[in-house]
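Source file: coords.cif; contents: mmCIF, C-alpha atoms and all ligand atoms.
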```
data_data
loop_
_atom_site.label_atom_id
_atom_site.label_comp_id
_atom_site.auth_asym_id
_atom_site.auth_seq_id
_atom_site.Cartn_x
_atom_site.Cartn_y
_atom_site.Cartn_z
CA MET L 337 -13.07 -7.38 -7.57
CA GLY L 338 -14.60 -6.58 -10.95
CA VAL L 339 -13.27 -3.93 -13.27
CA ARG L 340 -11.33 -1.11 -11.59
CA HIS L 341 -9.58 1.93 -13.04
CA TRP L 342 -6.57 4.06 -12.19
CA GLU L 343 -5.08 7.06 -13.99
CA ALA L 344 -1.39 7.27 -14.91
CA GLY L 345 -0.76 10.60 -16.66
CA ASP L 346 -2.82 10.45 -19.85
CA MET L 347 -3.16 6.67 -19.66
CA ARG L 348 -5.92 4.77 -17.96
CA ILE L 349 -4.94 1.54 -16.23
CA THR L 350 -7.68 -1.05 -15.83
CA LEU L 351 -7.78 -4.30 -13.87
CA VAL L 352 -9.99 -7.12 -15.11
CA LEU L 353 -10.43 -10.59 -13.69
CA GLY L 354 -10.81 -12.80 -16.74
CA ASP L 355 -9.51 -14.54 -19.82
CA ILE L 356 -7.34 -12.43 -22.13
CA THR L 357 -8.47 -14.37 -25.22
CA GLU L 358 -11.95 -12.86 -24.76
CA GLN L 359 -10.80 -9.24 -24.59
CA ASP L 360 -11.82 -6.81 -27.32
CA ALA L 361 -8.70 -4.69 -26.82
CA ASP L 362 -6.89 -3.52 -29.98
CA ALA L 363 -3.88 -5.61 -28.97
CA VAL L 364 -3.48 -8.47 -26.52
CA VAL L 365 -0.04 -9.35 -25.21
CA ASN L 366 1.13 -12.96 -25.14
CA ALA L 367 3.53 -14.25 -22.49
CA ALA L 368 5.44 -16.25 -25.09
CA ASN L 369 8.82 -17.98 -25.11
CA SER L 370 11.77 -17.21 -27.39
CA SER L 371 10.79 -19.86 -29.92
CA LEU L 372 7.52 -18.00 -30.70
CA LEU L 373 6.13 -21.41 -31.57
CA GLY L 374 3.65 -21.74 -28.71
CA GLY L 375 3.58 -23.35 -25.31
CA GLY L 376 1.32 -23.71 -22.28
CA GLY L 377 -0.41 -21.11 -20.10
CA VAL L 378 -1.70 -17.97 -21.76
CA ASP L 379 0.44 -18.72 -24.84
CA GLY L 380 -1.37 -22.03 -25.38
CA ALA L 381 -4.76 -20.36 -24.87
CA ILE L 382 -4.02 -17.56 -27.37
CA HIS L 383 -2.89 -19.96 -30.10
CA ARG L 384 -5.79 -22.34 -29.44
CA ARG L 385 -8.46 -19.63 -29.54
CA GLY L 386 -6.77 -17.48 -32.18
CA GLY L 387 -6.19 -20.32 -34.65
CA PRO L 388 -3.31 -21.27 -36.96
CA GLU L 389 -2.84 -17.85 -38.59
CA ILE L 390 -0.95 -16.64 -35.52
CA LEU L 391 1.50 -19.53 -35.57
CA ALA L 392 2.00 -19.10 -39.32
CA GLU L 393 3.08 -15.48 -38.77
CA CYS L 394 5.29 -16.50 -35.86
CA ARG L 395 7.04 -19.02 -38.10
CA GLN L 396 7.60 -16.29 -40.70
CA LEU L 397 9.11 -14.04 -38.04
CA ARG L 398 11.45 -16.84 -37.00
CA ALA L 399 12.50 -17.36 -40.63
CA SER L 400 12.93 -13.67 -41.47
CA LYS L 401 14.00 -11.75 -38.40
CA TYR L 402 14.41 -13.92 -35.33
CA GLY L 403 16.36 -16.97 -36.43
CA LYS L 404 17.71 -17.40 -32.90
CA GLY L 405 14.36 -16.64 -31.32
CA LEU L 406 12.89 -13.46 -29.84
CA PRO L 407 15.22 -12.27 -27.06
CA THR L 408 13.90 -12.00 -23.51
CA GLY L 409 12.44 -8.56 -22.81
CA GLN L 410 11.56 -7.81 -26.44
CA ALA L 411 8.18 -7.76 -28.21
CA VAL L 412 6.85 -8.38 -31.70
CA ALA L 413 3.34 -8.27 -33.21
CA THR L 414 1.33 -10.67 -35.35
CA THR L 415 -2.28 -10.91 -36.42
CA ALA L 416 -4.71 -11.96 -33.70
CA GLY L 417 -6.34 -14.51 -36.02
CA ARG L 418 -9.82 -15.35 -34.74
CA LEU L 419 -9.45 -13.48 -31.43
CA PRO L 420 -11.58 -10.35 -30.94
CA ALA L 421 -8.37 -8.26 -30.78
CA ARG L 422 -6.64 -6.95 -33.92
CA TRP L 423 -3.11 -7.88 -32.96
CA VAL L 424 -1.22 -10.19 -30.64
CA ILE L 425 2.00 -8.72 -29.27
CA HIS L 426 4.32 -11.54 -28.26
CA THR L 427 6.80 -10.79 -25.51
CA VAL L 428 9.25 -13.07 -23.71
CA GLY L 429 9.42 -12.69 -19.96
CA PRO L 430 12.44 -13.78 -17.95
CA VAL L 431 12.34 -17.01 -15.96
CA TYR L 432 12.42 -16.09 -12.27
CA ALA L 433 15.79 -16.68 -10.57
CA LYS L 434 16.57 -16.15 -6.90
CA SER L 435 20.27 -15.82 -7.64
CA GLU L 436 19.97 -13.02 -10.19
CA ASP L 437 17.87 -9.85 -10.46
CA ARG L 438 16.07 -10.06 -13.80
CA SER L 439 13.45 -7.43 -13.04
CA ALA L 440 14.81 -5.02 -15.70
CA LEU L 441 14.01 -7.65 -18.33
CA LEU L 442 10.48 -8.05 -17.00
CA ALA L 443 9.97 -4.27 -17.00
CA SER L 444 11.27 -4.23 -20.58
CA CYS L 445 8.50 -6.64 -21.67
CA TYR L 446 5.84 -4.08 -20.74
CA ARG L 447 7.74 -1.09 -22.14
CA GLU L 448 8.56 -2.84 -25.44
CA SER L 449 5.01 -4.16 -25.82
CA LEU L 450 3.65 -0.63 -25.38
CA ARG L 451 6.19 0.64 -27.92
CA VAL L 452 5.07 -1.96 -30.48
CA ALA L 453 1.42 -1.19 -29.67
CA ALA L 454 2.03 2.52 -30.30
CA GLU L 455 3.69 1.73 -33.64
CA LEU L 456 0.59 -0.24 -34.63
CA GLY L 457 -1.72 2.57 -33.56
CA ALA L 458 -3.35 0.46 -30.84
CA ARG L 459 -5.31 2.51 -28.33
CA THR L 460 -6.16 -0.32 -25.93
CA VAL L 461 -3.65 -2.98 -24.88
CA ALA L 462 -4.40 -5.99 -22.67
CA PHE L 463 -1.58 -7.64 -20.70
CA PRO L 464 -1.47 -10.90 -18.76
CA ALA L 465 0.83 -11.20 -15.73
CA VAL L 466 3.98 -11.91 -17.74
CA SER L 467 6.36 -14.42 -16.06
CA ALA L 468 3.97 -14.97 -13.14
CA GLY L 469 2.93 -18.49 -14.19
CA ILE L 470 5.20 -21.18 -15.60
CA TYR L 471 8.19 -18.79 -15.35
CA GLY L 472 7.75 -18.72 -11.58
CA TRP L 473 7.83 -15.02 -10.68
CA PRO L 474 6.48 -14.24 -7.18
CA LEU L 475 3.12 -12.52 -7.69
CA ASP L 476 3.62 -9.31 -5.72
CA ASP L 477 6.99 -8.71 -7.31
CA ALA L 478 5.68 -9.43 -10.82
CA ALA L 479 2.74 -7.07 -10.25
CA ARG L 480 4.93 -4.28 -8.82
CA ILE L 481 7.30 -4.46 -11.80
CA ALA L 482 4.42 -4.56 -14.30
CA VAL L 483 2.65 -1.56 -12.79
CA GLY L 484 5.88 0.40 -12.33
CA SER L 485 6.94 -0.18 -15.91
CA VAL L 486 3.59 0.84 -17.41
CA ARG L 487 3.40 3.94 -15.22
CA GLU L 488 6.91 5.00 -16.24
CA THR L 489 6.33 4.50 -19.97
CA GLU L 490 5.25 7.56 -21.93
CA SER L 491 2.86 6.24 -24.54
CA PRO L 492 0.03 7.31 -26.83
CA VAL L 493 -1.81 4.12 -25.79
CA GLU L 494 -4.97 5.28 -24.04
CA GLU L 495 -5.75 2.23 -21.93
CA THR L 496 -3.56 -0.51 -20.49
CA ARG L 497 -5.71 -3.35 -19.22
CA PHE L 498 -4.23 -5.99 -16.96
CA VAL L 499 -6.31 -9.13 -17.49
CA LEU L 500 -5.71 -11.42 -14.57
CA PHE L 501 -6.74 -15.03 -14.58
CA SER L 502 -7.25 -15.67 -10.87
CA ASP L 503 -8.16 -13.85 -7.67
CA ASP L 504 -4.67 -13.98 -6.20
CA VAL L 505 -3.07 -12.39 -9.26
CA TYR L 506 -5.80 -9.76 -9.42
CA ALA L 507 -5.27 -8.95 -5.74
CA ALA L 508 -1.50 -8.59 -6.25
CA PHE L 509 -2.06 -6.09 -9.09
CA ALA L 510 -4.62 -4.14 -7.05
CA ARG L 511 -2.08 -3.88 -4.21
CA ALA L 512 0.62 -2.72 -6.63
CA LEU L 513 -1.67 -0.06 -8.12
CA ASN L 514 -2.75 1.22 -4.73
CA GLY L 515 0.71 1.09 -3.18
N1 LIG L 601 -5.90 -15.18 -19.77
C1 LIG L 601 -5.22 -14.42 -18.88
N2 LIG L 601 -4.22 -14.90 -18.12
C2 LIG L 601 -3.91 -16.22 -18.25
C3 LIG L 601 -4.58 -17.07 -19.16
C4 LIG L 601 -5.62 -16.51 -19.95
N3 LIG L 601 -6.30 -17.22 -20.84
N4 LIG L 601 -4.03 -18.32 -19.04
C5 LIG L 601 -3.07 -18.25 -18.09
N5 LIG L 601 -3.00 -16.99 -17.61
P1 LIG L 601 2.06 -18.22 -18.08
P2 LIG L 601 4.82 -17.19 -18.04
C6 LIG L 601 -2.14 -16.40 -16.57
O1 LIG L 601 2.49 -19.50 -17.47
O2 LIG L 601 4.92 -17.38 -16.58
C7 LIG L 601 4.30 -20.81 -21.78
O3 LIG L 601 4.52 -22.18 -21.96
C8 LIG L 601 -1.45 -17.33 -15.60
O4 LIG L 601 -2.35 -17.72 -14.59
O5 LIG L 601 1.08 -18.26 -19.19
O6 LIG L 601 5.32 -15.90 -18.65
C9 LIG L 601 5.14 -19.97 -22.74
O7 LIG L 601 5.27 -20.58 -24.00
C10 LIG L 601 -0.35 -16.42 -15.05
O8 LIG L 601 -0.88 -15.55 -14.05
O9 LIG L 601 3.33 -17.35 -18.63
C11 LIG L 601 6.44 -19.90 -22.01
O10 LIG L 601 7.22 -21.06 -22.23
C12 LIG L 601 0.02 -15.55 -16.28
O11 LIG L 601 -1.06 -15.74 -17.22
C13 LIG L 601 6.04 -19.82 -20.56
O12 LIG L 601 4.75 -20.45 -20.49
C14 LIG L 601 1.32 -15.94 -16.95
O13 LIG L 601 1.49 -17.34 -16.88
C15 LIG L 601 5.87 -18.41 -20.09
O14 LIG L 601 5.61 -18.41 -18.71
#
```
Once you've parsed the file, please lay out its structure as structure tokens.
Ligand code: AR6
Amino acid sequence: MGVRHWEAGDMRITLVLGDITEQDADAVVNAANSSLLGGGGVDGAIHRRGGPEILAECRQLRASKYGKGLPTGQAVATTAGRLPARWVIHTVGPVYAKSEDRSALLASCYRESLRVAAELGARTVAFPAVSAGIYGWPLDDAARIAVGSVRETESPVEETRFVLFSDDVYAAFARALNG
């Protein structure tokens, strides 16, 4: 346990057991839903700790660009409000389904978030385990897809930090990184 590092090309991948709302990364990624208007899990925590500025920007995005909501697999940035980070990058993971392989959409969340982070000039990006909570994704599968997607993405981002909320999620990511 604790903080561990791996290298992926020019990018450093870090595992942290902890709360993403406390991270001083340039950007923290939110496992949001299409409405962008908040929810439970990490989304609830980010809006609670970050304050109303984040929701205000999300509402503007809904009004201007995403009238039908942010599509699954895409990502968009707002202020991070009162969080230590500079930006929150909201991405929408797919709900897990046994009957359909949605892993490309989950991989897209990581790739698109890194693309948005690069546009912002973020050097450090913190990710939660997207879709591995309320959206029901099996942990090892979610971790394998997350790690695979980040490793495959060419990016000027210097550090991708997976911030995992519990021992079992942390262990799944460590297995994926070592495997
Ligand atoms: N820091 C880091 N990880 C966290 C935190 C935190 N503060 N809180 C929870 N997690 P989830 P999803 C972990 O359910 O599966 C929301 O209602 C959690 O333990 O937050 O993508 C949205 O609005 C799990 O490992 O996201 C959507 O409707 C991981 O974050 C829906 O949930 C993701 O769990 C999205 O579901």
8 Å shell around ligand LIG 601 (chain L) using all atoms listed in the file, listed as a ChimeraX atom specification: /L:354-357,366-370,372-382,428-431,463-473,499-502,505
Pick from L:Ala433, L:Ala421, L:Cys394, L:Leu406 nearest to L:Ala458, counting only C-alpha atoms: L:Ala421
Test item: which residues lie within 12 Å of (9.3, -6.7, -11.2) counting all atoms listed in the file, as JSON, numbers by chain: {"L": [429, 430, 431, 432, 433, 437, 438, 439, 440, 441, 442, 443, 444, 445, 446, 465, 466, 467, 468, 473, 474, 475, 476, 477, 478, 479, 480, 481, 482, 483, 484, 485, 486, 509, 512]}
Written file, previous selection with C-alpha atoms, as a JSON list (two decimals), in the coordinates of the input:
```json
[["chain", "number", "residue", "atom", "x", "y", "z"],
["L", 429, "GLY", "CA", 9.42, -12.69, -19.96],
["L", 430, "PRO", "CA", 12.44, -13.78, -17.95],
["L", 431, "VAL", "CA", 12.34, -17.01, -15.96],
["L", 432, "TYR", "CA", 12.42, -16.09, -12.27],
["L", 433, "ALA", "CA", 15.79, -16.68, -10.57],
["L", 437, "ASP", "CA", 17.87, -9.85, -10.46],
["L", 438, "ARG", "CA", 16.07, -10.06, -13.80],
["L", 439, "SER", "CA", 13.45, -7.43, -13.04],
["L", 440, "ALA", "CA", 14.81, -5.02, -15.70],
["L", 441, "LEU", "CA", 14.01, -7.65, -18.33],
["L", 442, "LEU", "CA", 10.48, -8.05, -17.00],
["L", 443, "ALA", "CA", 9.97, -4.27, -17.00],
["L", 444, "SER", "CA", 11.27, -4.23, -20.58],
["L", 445, "CYS", "CA", 8.50, -6.64, -21.67],
["L", 446, "TYR", "CA", 5.84, -4.08, -20.74],
["L", 465, "ALA", "CA", 0.83, -11.20, -15.73],
["L", 466, "VAL", "CA", 3.98, -11.91, -17.74],
["L", 467, "SER", "CA", 6.36, -14.42, -16.06],
["L", 468, "ALA", "CA", 3.97, -14.97, -13.14],
["L", 473, "TRP", "CA", 7.83, -15.02, -10.68],
["L", 474, "PRO", "CA", 6.48, -14.24, -7.18],
["L", 475, "LEU", "CA", 3.12, -12.52, -7.69],
["L", 476, "ASP", "CA", 3.62, -9.31, -5.72],
["L", 477, "ASP", "CA", 6.99, -8.71, -7.31],
["L", 478, "ALA", "CA", 5.68, -9.43, -10.82],
["L", 479, "ALA", "CA", 2.74, -7.07, -10.25],
["L", 480, "ARG", "CA", 4.93, -4.28, -8.82],
["L", 481, "ILE", "CA", 7.30, -4.46, -11.80],
["L", 482, "ALA", "CA", 4.42, -4.56, -14.30],
["L", 483, "VAL", "CA", 2.65, -1.56, -12.79],
["L", 484, "GLY", "CA", 5.88, 0.40, -12.33],
["L", 485, "SER", "CA", 6.94, -0.18, -15.91],
["L", 486, "VAL", "CA", 3.59, 0.84, -17.41],
["L", 509, "PHE", "CA", -2.06, -6.09, -9.09],
["L", 512, "ALA", "CA", 0.62, -2.72, -6.63]]
```
Distance criterion (only C-alpha atoms): nearest to L:Glu494 out of L:Glu448, L:Asp346, L:Asp362, L:Glu393: L:Asp346
All residues 12 Å or closer to L:Glu455, all atoms listed in the file, same chain fewer than 2 positions away omitted, as a ChimeraX atom specification: /L:363,411-413,423,425,448-453,457-459,491-493
Residue with smallest distance to L:Ile390 - pool L:Thr350, L:Thr415, L:Gln359, L:Ser435, counting all atoms listed in the file: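 The answer is L:Thr415, which sits nearest to L:Ile390.
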Option closest in space to L:Glu490, from L:Gly409, L:Gly338, L:Gly345, L:Pro420 [counting only C-alpha atoms]: L:Gly345
Point-to-point distance from atom CA of L:Arg487 to atom CA of L:Ala344, Å rounded to tenths: 5.8 Å
